[in-house]
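K.L.:
Have a peek at query.txt (compact mmCIF, C-alpha atoms).
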```
# COMPACT_ATOMS: atom_id res chain seq x y z
CA MET Q 1479 101.44 120.85 115.30
CA LYS Q 1480 101.02 119.58 118.83
CA ILE Q 1481 98.59 116.98 120.14
CA VAL Q 1482 97.91 116.39 123.82
CA ILE Q 1483 96.22 113.25 125.15
CA SER Q 1484 95.78 111.67 128.55
CA SER Q 1485 97.99 108.74 129.49
CA HIS Q 1486 95.37 106.13 128.63
CA PRO Q 1487 96.48 103.26 126.39
CA LYS Q 1488 93.21 103.28 124.47
CA LEU Q 1489 94.24 106.66 123.02
CA LEU Q 1490 97.48 105.44 121.48
CA HIS Q 1491 95.75 104.78 118.17
CA ILE Q 1492 95.12 108.51 117.88
CA LEU Q 1493 98.85 109.22 118.00
CA ARG Q 1494 99.49 106.52 115.40
CA GLY Q 1495 96.86 108.02 113.12
CA VAL Q 1496 98.24 111.53 113.38
CA VAL Q 1497 101.81 110.36 112.79
CA ARG Q 1498 100.75 108.33 109.75
CA TYR Q 1499 98.89 111.29 108.27
CA ARG Q 1500 101.70 113.78 108.85
CA ALA Q 1501 104.37 111.40 107.57
CA HIS Q 1502 102.32 110.68 104.47
CA MET Q 1503 101.91 114.41 103.83
CA ALA Q 1504 105.67 114.86 104.29
CA GLY Q 1505 106.32 112.36 101.51
CA PHE Q 1506 107.63 109.34 103.39
CA PRO Q 1507 107.19 105.91 101.78
CA GLN Q 1508 104.60 103.58 103.32
CA SER Q 1509 107.17 101.36 105.02
CA ASP Q 1510 108.64 104.37 106.83
CA ILE Q 1511 105.18 105.65 107.72
CA ASP Q 1512 104.31 102.36 109.43
CA SER Q 1513 107.67 102.27 111.20
CA MET Q 1514 107.41 105.84 112.45
CA ALA Q 1515 103.87 105.26 113.75
CA MET Q 1516 105.13 102.21 115.63
CA ALA Q 1517 108.13 104.07 117.07
CA ILE Q 1518 105.92 106.85 118.43
CA ASP Q 1519 103.42 104.29 119.76
CA GLU Q 1520 106.23 102.46 121.57
CA ALA Q 1521 107.61 105.69 123.02
CA ALA Q 1522 104.18 106.74 124.29
CA ALA Q 1523 103.49 103.25 125.66
CA ASN Q 1524 106.80 103.43 127.54
CA VAL Q 1525 105.75 106.73 129.09
CA ILE Q 1526 102.42 105.23 130.21
CA ARG Q 1527 103.99 102.07 131.63
CA HIS Q 1528 107.32 103.25 133.02
CA ALA Q 1529 106.96 106.99 133.70
CA TYR Q 1530 103.31 107.17 134.74
CA LYS Q 1531 103.37 103.56 136.01
CA ASP Q 1532 100.02 102.87 134.30
CA ARG Q 1533 98.35 105.94 135.76
CA ARG Q 1534 95.76 107.17 133.29
CA ASP Q 1535 95.38 110.75 134.47
CA GLY Q 1536 98.72 112.03 133.23
CA THR Q 1537 99.28 113.94 130.01
CA LEU Q 1538 101.26 113.13 126.89
CA ALA Q 1539 102.09 115.87 124.42
CA LEU Q 1540 103.41 115.06 120.96
CA GLU Q 1541 104.79 117.88 118.87
CA ILE Q 1542 105.43 117.09 115.21
CA LEU Q 1543 107.74 119.25 113.11
CA THR Q 1544 108.03 118.75 109.38
CA LEU Q 1545 111.31 120.11 108.06
CA PRO Q 1546 112.71 120.01 104.51
CA ASP Q 1547 114.86 116.94 105.14
CA ARG Q 1548 113.28 115.30 108.18
CA MET Q 1549 110.47 115.01 110.68
CA GLU Q 1550 111.00 115.63 114.37
CA PHE Q 1551 108.74 114.20 117.05
CA ILE Q 1552 108.95 115.64 120.54
CA LEU Q 1553 107.16 113.61 123.19
CA GLU Q 1554 106.72 115.30 126.56
CA ASP Q 1555 105.17 114.16 129.81
CA THR Q 1556 104.89 115.47 133.35
CA ALA Q 1557 105.76 112.20 135.06
CA PRO Q 1558 108.73 111.71 137.37
CA LYS Q 1559 111.99 111.51 135.47
CA VAL Q 1560 112.88 108.08 134.13
CA ASN Q 1561 116.33 106.64 133.88
CA PRO Q 1562 116.79 105.77 130.18
CA GLU Q 1563 119.00 102.88 131.22
CA ALA Q 1564 116.05 101.34 133.05
CA ILE Q 1565 114.02 101.01 129.84
CA ARG Q 1566 116.75 99.87 127.49
CA SER Q 1567 115.97 96.98 125.17
CA ARG Q 1568 116.74 93.39 126.02
CA SER Q 1569 119.09 91.20 124.03
CA LEU Q 1570 117.28 89.67 121.06
CA ASP Q 1571 118.74 86.31 122.02
CA ASP Q 1572 116.96 86.46 125.37
CA VAL Q 1573 113.48 85.41 124.25
CA ARG Q 1574 111.03 86.57 126.88
CA PRO Q 1575 107.96 88.81 127.01
CA GLY Q 1576 108.70 92.54 126.94
CA GLY Q 1577 111.80 94.63 126.45
CA LEU Q 1578 111.36 95.32 122.74
CA GLY Q 1579 109.75 98.77 122.73
CA THR Q 1580 113.01 100.70 122.90
CA PHE Q 1581 114.54 98.34 120.37
CA PHE Q 1582 111.82 99.16 117.83
CA MET Q 1583 112.10 102.91 118.52
CA ASN Q 1584 115.83 102.86 117.87
CA SER Q 1585 115.45 100.60 114.83
CA PHE Q 1586 112.81 102.73 113.14
CA MET Q 1587 114.04 106.23 113.93
CA ASP Q 1588 117.33 107.82 112.92
CA SER Q 1589 117.71 109.34 116.36
CA CYS Q 1590 116.01 108.98 119.76
CA THR Q 1591 117.40 111.10 122.59
CA PHE Q 1592 116.15 112.29 125.95
CA ASP Q 1593 116.49 116.05 126.41
CA GLU Q 1594 118.52 116.28 129.60
CA ARG Q 1595 117.84 120.03 129.87
CA CYS Q 1596 114.18 119.31 130.61
CA ALA Q 1597 113.70 120.49 134.22
CA GLU Q 1598 110.50 118.56 134.95
CA GLY Q 1599 108.97 115.53 133.35
CA ASN Q 1600 110.54 113.80 130.38
CA ARG Q 1601 111.23 115.04 126.86
CA LEU Q 1602 112.11 112.57 124.15
CA ILE Q 1603 113.17 113.83 120.73
CA MET Q 1604 112.90 111.43 117.80
CA ILE Q 1605 114.10 112.25 114.31
CA LYS Q 1606 113.46 110.56 110.98
CA PHE Q 1607 115.14 111.80 107.82
CA LEU Q 1608 113.37 111.69 104.49
CA PRO Q 1609 114.93 109.20 102.08
CA ARG Q 1610 117.13 111.04 99.61
CA LYS Q 1611 115.67 111.32 96.15
CA VAL Q 1612 117.80 109.50 93.61
CA SER Q 1613 119.02 111.81 90.87
CA THR Q 1614 121.09 110.80 87.86
CA SER Q 1615 124.28 111.80 89.65
CA ASP Q 1616 123.30 109.74 92.73
CA GLU Q 1617 122.75 106.46 90.88
CA GLY Q 1618 124.63 103.64 92.47
CA THR Q 1619 125.03 105.40 95.80
CA SER Q 1620 123.34 104.60 99.08
CA GLN Q 1621 120.06 106.31 99.94
CA LYS Q 1622 120.47 105.83 103.69
CA HIS Q 1623 121.40 108.67 105.96
CA MET R 234 90.36 94.87 118.26
CA LYS R 235 88.16 91.78 118.06
CA VAL R 236 89.13 88.41 119.46
CA GLN R 237 86.97 85.39 118.72
CA VAL R 238 87.58 81.70 119.27
CA ARG R 239 86.37 78.86 117.08
CA ASN R 240 87.22 75.18 117.24
CA ILE R 241 88.07 72.76 114.49
CA GLU R 242 88.27 69.32 116.07
CA THR R 243 91.00 69.62 118.75
CA VAL R 244 92.39 72.90 117.47
CA ALA R 245 91.30 76.23 118.92
CA ILE R 246 91.66 79.10 116.48
CA ILE R 247 91.82 82.66 117.81
CA ASP R 248 90.64 85.04 115.11
CA CYS R 249 92.23 88.41 115.80
CA ALA R 250 91.13 91.54 113.96
CA GLY R 251 92.33 95.13 114.21
CA ASP R 252 95.24 96.75 116.01
CA VAL R 253 97.02 94.81 118.76
CA ASP R 254 98.59 97.40 121.04
CA LEU R 255 99.13 98.14 124.73
CA TYR R 256 95.40 98.59 125.24
CA SER R 257 93.96 95.75 123.20
CA SER R 258 96.61 93.08 123.76
CA THR R 259 95.03 92.36 127.16
CA SER R 260 92.06 90.57 125.61
CA LEU R 261 94.29 88.50 123.33
CA ARG R 262 96.45 87.59 126.34
CA GLU R 263 93.47 86.49 128.44
CA THR R 264 92.07 84.35 125.62
CA LEU R 265 95.40 82.80 124.66
CA LEU R 266 96.51 81.91 128.17
CA SER R 267 93.06 80.70 129.15
CA LEU R 268 92.92 78.25 126.24
CA MET R 269 96.34 76.85 127.08
CA ARG R 270 95.62 76.54 130.79
CA SER R 271 92.35 74.74 130.07
CA GLY R 272 94.21 71.95 128.28
CA THR R 273 93.41 72.74 124.65
CA PRO R 274 95.80 70.49 122.67
CA SER R 275 96.52 72.99 119.87
CA VAL R 276 96.11 76.76 119.67
CA LEU R 277 96.45 78.83 116.50
CA VAL R 278 96.30 82.60 116.16
CA ASN R 279 94.79 83.75 112.86
CA MET R 280 96.49 87.08 112.13
CA ALA R 281 94.98 87.70 108.70
CA ASP R 282 93.06 90.73 109.94
CA VAL R 283 95.66 92.07 112.37
CA THR R 284 96.36 95.51 110.96
CA TYR R 285 99.03 96.47 113.51
CA ILE R 286 100.98 94.80 116.28
CA ASP R 287 103.33 96.51 118.72
CA SER R 288 105.78 95.21 121.30
CA SER R 289 103.03 94.52 123.84
CA GLY R 290 101.24 92.34 121.28
CA ILE R 291 104.47 90.53 120.55
CA ALA R 292 105.07 90.13 124.29
CA THR R 293 101.65 88.48 124.52
CA LEU R 294 102.57 85.98 121.81
CA VAL R 295 105.92 85.26 123.51
CA GLU R 296 104.11 84.73 126.80
CA GLY R 297 101.83 82.26 125.04
CA LEU R 298 104.87 80.54 123.59
CA GLN R 299 106.40 80.17 127.04
CA LEU R 300 103.18 78.86 128.57
CA SER R 301 102.78 76.39 125.71
CA ARG R 302 106.01 74.76 126.86
CA GLU R 303 104.58 74.20 130.32
CA THR R 304 101.17 73.02 129.14
CA LYS R 305 102.55 71.00 126.17
CA THR R 306 100.26 72.88 123.83
CA HIS R 307 100.97 72.97 120.10
CA PHE R 308 101.05 76.66 119.30
CA GLY R 309 101.33 78.55 116.03
CA LEU R 310 100.48 81.68 114.05
CA TYR R 311 99.23 81.97 110.48
CA SER R 312 98.30 84.43 107.71
CA LEU R 313 100.59 87.18 108.94
CA ARG R 314 100.46 90.45 107.05
CA ASN R 315 103.73 91.97 105.89
CA ASN R 316 103.94 94.48 108.74
CA ALA R 317 103.55 91.81 111.44
CA ARG R 318 105.98 89.51 109.65
CA SER R 319 108.54 92.32 109.34
CA VAL R 320 108.32 93.17 113.02
CA LEU R 321 108.79 89.53 114.06
CA GLU R 322 111.74 89.21 111.69
CA LEU R 323 113.34 92.39 113.03
CA ALA R 324 113.05 91.03 116.57
CA ARG R 325 114.41 87.68 115.34
CA LEU R 326 111.27 85.91 116.52
CA ASN R 327 110.21 84.56 113.13
CA LYS R 328 112.24 81.39 113.74
CA VAL R 329 111.00 81.02 117.29
CA PHE R 330 107.31 80.77 116.46
CA ALA R 331 105.69 78.16 114.24
CA ILE R 332 104.38 80.39 111.45
CA PHE R 333 102.16 79.01 108.71
CA ILE R 334 101.11 80.54 105.41
CA ASN R 335 97.39 79.99 105.84
CA GLU R 336 94.77 78.13 107.85
CA GLN R 337 94.92 75.01 105.71
CA GLU R 338 98.66 74.60 106.22
CA ALA R 339 98.33 75.45 109.91
CA LEU R 340 95.69 72.78 110.49
CA GLU R 341 97.68 70.21 108.56
CA LYS R 342 100.94 70.83 110.40
CA ILE R 343 100.11 72.12 113.88
CA ALA R 344 99.92 68.64 115.40
CA THR R 345 103.44 67.89 114.18
CA THR R 346 105.02 70.98 115.71
CA LEU R 347 106.91 70.66 118.93
CA PRO R 348 104.65 71.49 121.86
CA PHE R 349 106.12 74.96 122.29
CA GLY R 350 105.66 76.49 118.89
CA GLY R 351 108.95 75.68 117.22
CA LEU R 352 109.02 73.57 114.09
```
Output the file's structure in the form of structure tokens.
P.N.:
Amino acid sequence: MKIVISSHPKLLHILRGVVRYRAHMAGFPQSDIDSMAMAIDEAAANVIRHAYKDRRDGTLALEILTLPDRMEFILEDTAPKVNPEAIRSRSLDDVRPGGLGTFFMNSFMDSCTFDERCAEGNRLIMIKFLPRKVSTSDEGTSQKH
Amino acid sequence: MKVQVRNIETVAIIDCAGDVDLYSSTSLRETLLSLMRSGTPSVLVNMADVTYIDSSGIATLVEGLQLSRETKTHFGLYSLRNNARSVLELARLNKVFAIFINEQEALEKIATTLPFGGL
């Protein structure tokens, strides 16, 4: 599925709601559902603030793919290209307002990468793997990917 | 999100309800900073009904923390839900803020916190 919204911060709750619903349907535990919703919210907020520079007439498209072992979230915009280095997270020891959005995205997702092949705009691909189901033979082993 | 202020003696309590995100954190920021700049001795944020908080909401609280140092305001948070507590812990901010279990504890202890939030 794909959802397209304008780059207005008051619409971010719609993205969170859709992500929560789709992640729930995919079988993720509640803690992961909340984390994934926050990661997508942070990514979209970064687009609004840093790519569109708070312009509200841009577009944000979120494509959600549910695969057997993971969910993929593809966030696209038509804003000027951003330098990923310019929006990297701050050190956690440097307590000041801001700079945590990218940190939360990377903490909550298994992978967050900009698609460099994207000719115009920005394309961010975020992946979250489903926790492995514990079977008898898996007991005592890690569930993390 | 709803933001309402009530006063108990010299303590201003900001009751926050709903999602605190890039859009709604503006009203919390205005209220929080305004109370501190107006000389309120102690400011508490009641987060019992905060259903979600993102990095912009956290940035607002950190901004309040920084201003509280300048204005010598006692500043704290209380009744955090698990999701807000987890996010603050992940960002290692749980030891930076004065965080109380509930309103009763917050009112009892806020005056003894250092005037920048830390315990």
K.L.:
Counting all atoms listed in the file, which of R:Thr243, R:Lys328, R:Gly309, R:Gln237 gets nearest to chain Q?
P.N.:
R:Lys328
K.L.:
Could you write out as an MDAnalysis selection string the residues of chain Q within 12 Å of chain R, counting all atoms listed in the file?
P.N.:
chainID Q and resid 1485:1492 1494:1495 1508:1527 1532 1534 1567:1586
K.L.:
What's the separation between CA of Ala1539 in chain Q and CA of Ile1552 in chain Q, in Å to one decimal place?
P.N.:
7.9 Å
K.L.:
For CA of Gly251 in chain R and CA of Val283 in chain R, determine how far apart the two atoms are, in Å to one decimal place.
P.N.:
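Computed distance, CA of Gly251 in chain R to CA of Val283 in chain R, equals 4.9 Å.
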K.L.:
I'd like the contact shell of Thr284 in chain R - 10 Å cut-off, all atoms listed in the file, skipping same-chain residues fewer than 4 positions apart - returned as a ChimeraX atom specification.
P.N.:
/R:234,249-253,280,313-317
K.L.:
Would you compute, for all listed atoms of range 1501-1512 of chain Q, the axis-aligned bounding box grown by 8 Å on each side, and then report its centre and edge lengths in Å rounded to one decimal, as JSON?
P.N.:
```
{"center_x": 105.3, "center_y": 108.1, "center_z": 105.5, "size_x": 22.7, "size_y": 29.5, "size_z": 23.9}
```
K.L.:
State, in Å with one decimal place, the distance from CA of Glu322 in chain R to CA of Ile343 in chain R.
P.N.:
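So the answer is 20.8 Å.
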K.L.:
May I have the residues at most 10 Å from (92.3, 74.8, 115.4) in the file's coordinates, counting all atoms listed in the file, as a list in words?
P.N.:
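Within the cut-off we find Val238, Arg239, Asn240, Ile241, Glu242, Thr243, Val244, Ala245, Ile246, Ile247, Thr273, Pro274, Ser275, Val276, Leu277, Val278, Asn279, Phe308, Gly309, Glu336, Ala339, Leu340, Glu341, Ile343 and Ala344 of chain R.
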K.L.:
Hey, what's within 7 Å of range 1587-1600 of chain Q if we count all atoms listed in the file and toss same-chain stuff fewer than 3 positions away? As a ChimeraX atom specification, please?
P.N.:
/Q:1514,1554-1559,1583-1584,1603-1607
K.L.:
Please provide the set of residues having any atom within 7 Å of Ser1484 in chain Q, restricted to all atoms listed in the file, with same-chain residues fewer than 4 positions apart removed, written as a ChimeraX atom specification.
P.N.:
/Q:1534-1538
K.L.:
What residues have an atom no more than 7 Å from (102.4, 80.6, 108.7) in the file's own frame, counting all atoms listed in the file, and can you write them as a list in words?
P.N.:
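Within 7 Å of (102.4, 80.6, 108.7), the protein and nucleic acid residues are Leu310, Tyr311, Ser312, Leu313, Ala331, Ile332, Phe333, Ile334, Asn335 and Ala339 of chain R.
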K.L.:
Neighbours of Thr1544 in chain Q within 9 Å (all atoms listed in the file; same-chain residues fewer than 3 positions away dropped), as a JSON list (two decimals) with C-alpha atoms, keeping the file's coordinate frame?
P.N.:
```json
[["chain", "number", "residue", "atom", "x", "y", "z"],
["Q", 1500, "ARG", "CA", 101.70, 113.78, 108.85],
["Q", 1501, "ALA", "CA", 104.37, 111.40, 107.57],
["Q", 1504, "ALA", "CA", 105.67, 114.86, 104.29],
["Q", 1547, "ASP", "CA", 114.86, 116.94, 105.14],
["Q", 1548, "ARG", "CA", 113.28, 115.30, 108.18],
["Q", 1549, "MET", "CA", 110.47, 115.01, 110.68],
["Q", 1550, "GLU", "CA", 111.00, 115.63, 114.37],
["Q", 1551, "PHE", "CA", 108.74, 114.20, 117.05]]
```
K.L.:
Out of R:Ser301, R:Asn327, R:Ser319, R:Gln337, which residue has the shortest atom-to-atom distance to Leu266 in chain R when counting only C-alpha atoms?
P.N.:
R:Ser301
K.L.:
Missing atoms in range 296-329 of chain R need filling: write out N, CA and C atoms for it as a short mmCIF file (atom, residue, chain, number, x, y, z; two decimals), in the coordinates of the input.
P.N.:
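Result saved to result31.cif:
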```cif
data_model
loop_
_atom_site.label_atom_id
_atom_site.label_comp_id
_atom_site.auth_asym_id
_atom_site.auth_seq_id
_atom_site.Cartn_x
_atom_site.Cartn_y
_atom_site.Cartn_z
N GLU R 296 104.62 85.29 125.55
CA GLU R 296 104.11 84.73 126.80
C GLU R 296 103.33 83.44 126.51
N GLY R 297 102.55 83.47 125.45
CA GLY R 297 101.83 82.26 125.04
C GLY R 297 102.80 81.15 124.67
N LEU R 298 103.85 81.52 123.98
CA LEU R 298 104.87 80.54 123.59
C LEU R 298 105.49 79.88 124.83
N GLN R 299 105.80 80.70 125.82
CA GLN R 299 106.40 80.17 127.04
C GLN R 299 105.44 79.26 127.80
N LEU R 300 104.16 79.70 127.86
CA LEU R 300 103.18 78.86 128.57
C LEU R 300 102.94 77.55 127.82
N SER R 301 103.01 77.61 126.49
CA SER R 301 102.78 76.39 125.71
C SER R 301 103.81 75.31 126.03
N ARG R 302 104.99 75.74 126.46
CA ARG R 302 106.01 74.76 126.86
C ARG R 302 105.59 74.03 128.13
N GLU R 303 105.00 74.79 129.05
CA GLU R 303 104.58 74.20 130.32
C GLU R 303 103.36 73.31 130.14
N THR R 304 102.43 73.74 129.29
CA THR R 304 101.17 73.02 129.14
C THR R 304 101.22 71.99 128.01
N LYS R 305 102.37 71.92 127.32
CA LYS R 305 102.55 71.00 126.17
C LYS R 305 101.50 71.25 125.09
N THR R 306 101.23 72.50 124.86
CA THR R 306 100.26 72.88 123.83
C THR R 306 100.99 73.12 122.52
N HIS R 307 100.44 72.62 121.42
CA HIS R 307 100.97 72.97 120.10
C HIS R 307 100.48 74.38 119.79
N PHE R 308 101.41 75.25 119.43
CA PHE R 308 101.05 76.66 119.30
C PHE R 308 101.65 77.24 118.01
N GLY R 309 100.82 77.95 117.26
CA GLY R 309 101.33 78.55 116.03
C GLY R 309 100.54 79.77 115.60
N LEU R 310 101.10 80.48 114.62
CA LEU R 310 100.48 81.68 114.05
C LEU R 310 100.30 81.44 112.54
N TYR R 311 99.31 82.08 111.94
CA TYR R 311 99.23 81.97 110.48
C TYR R 311 98.62 83.22 109.85
N SER R 312 98.81 83.32 108.53
CA SER R 312 98.30 84.43 107.71
C SER R 312 98.77 85.80 108.21
N LEU R 313 100.05 85.90 108.49
CA LEU R 313 100.59 87.18 108.94
C LEU R 313 100.65 88.17 107.78
N ARG R 314 100.27 89.40 108.04
CA ARG R 314 100.46 90.45 107.05
C ARG R 314 101.93 90.87 107.05
N ASN R 315 102.31 91.59 106.03
CA ASN R 315 103.73 91.97 105.89
C ASN R 315 104.26 92.74 107.08
N ASN R 316 103.43 93.66 107.63
CA ASN R 316 103.94 94.48 108.74
C ASN R 316 104.22 93.62 109.97
N ALA R 317 103.33 92.68 110.29
CA ALA R 317 103.55 91.81 111.44
C ALA R 317 104.75 90.90 111.20
N ARG R 318 104.85 90.39 109.98
CA ARG R 318 105.98 89.51 109.65
C ARG R 318 107.30 90.27 109.77
N SER R 319 107.31 91.50 109.28
CA SER R 319 108.54 92.32 109.34
C SER R 319 108.98 92.58 110.78
N VAL R 320 108.01 92.87 111.62
CA VAL R 320 108.32 93.17 113.02
C VAL R 320 108.89 91.93 113.72
N LEU R 321 108.28 90.78 113.45
CA LEU R 321 108.79 89.53 114.06
C LEU R 321 110.19 89.22 113.54
N GLU R 322 110.41 89.47 112.26
CA GLU R 322 111.74 89.21 111.69
C GLU R 322 112.78 90.14 112.31
N LEU R 323 112.41 91.41 112.45
CA LEU R 323 113.34 92.39 113.03
C LEU R 323 113.75 91.98 114.45
N ALA R 324 112.78 91.45 115.19
CA ALA R 324 113.05 91.03 116.57
C ALA R 324 113.60 89.61 116.64
N ARG R 325 113.86 89.04 115.47
CA ARG R 325 114.41 87.68 115.34
C ARG R 325 113.51 86.64 116.00
N LEU R 326 112.21 86.86 115.92
CA LEU R 326 111.27 85.91 116.52
C LEU R 326 110.58 85.05 115.46
N ASN R 327 110.87 85.31 114.19
CA ASN R 327 110.21 84.56 113.13
C ASN R 327 110.62 83.09 113.12
N LYS R 328 111.81 82.79 113.68
CA LYS R 328 112.24 81.39 113.74
C LYS R 328 111.85 80.73 115.06
N VAL R 329 111.37 81.53 115.97
CA VAL R 329 111.00 81.02 117.29
C VAL R 329 109.58 80.49 117.28
#
```
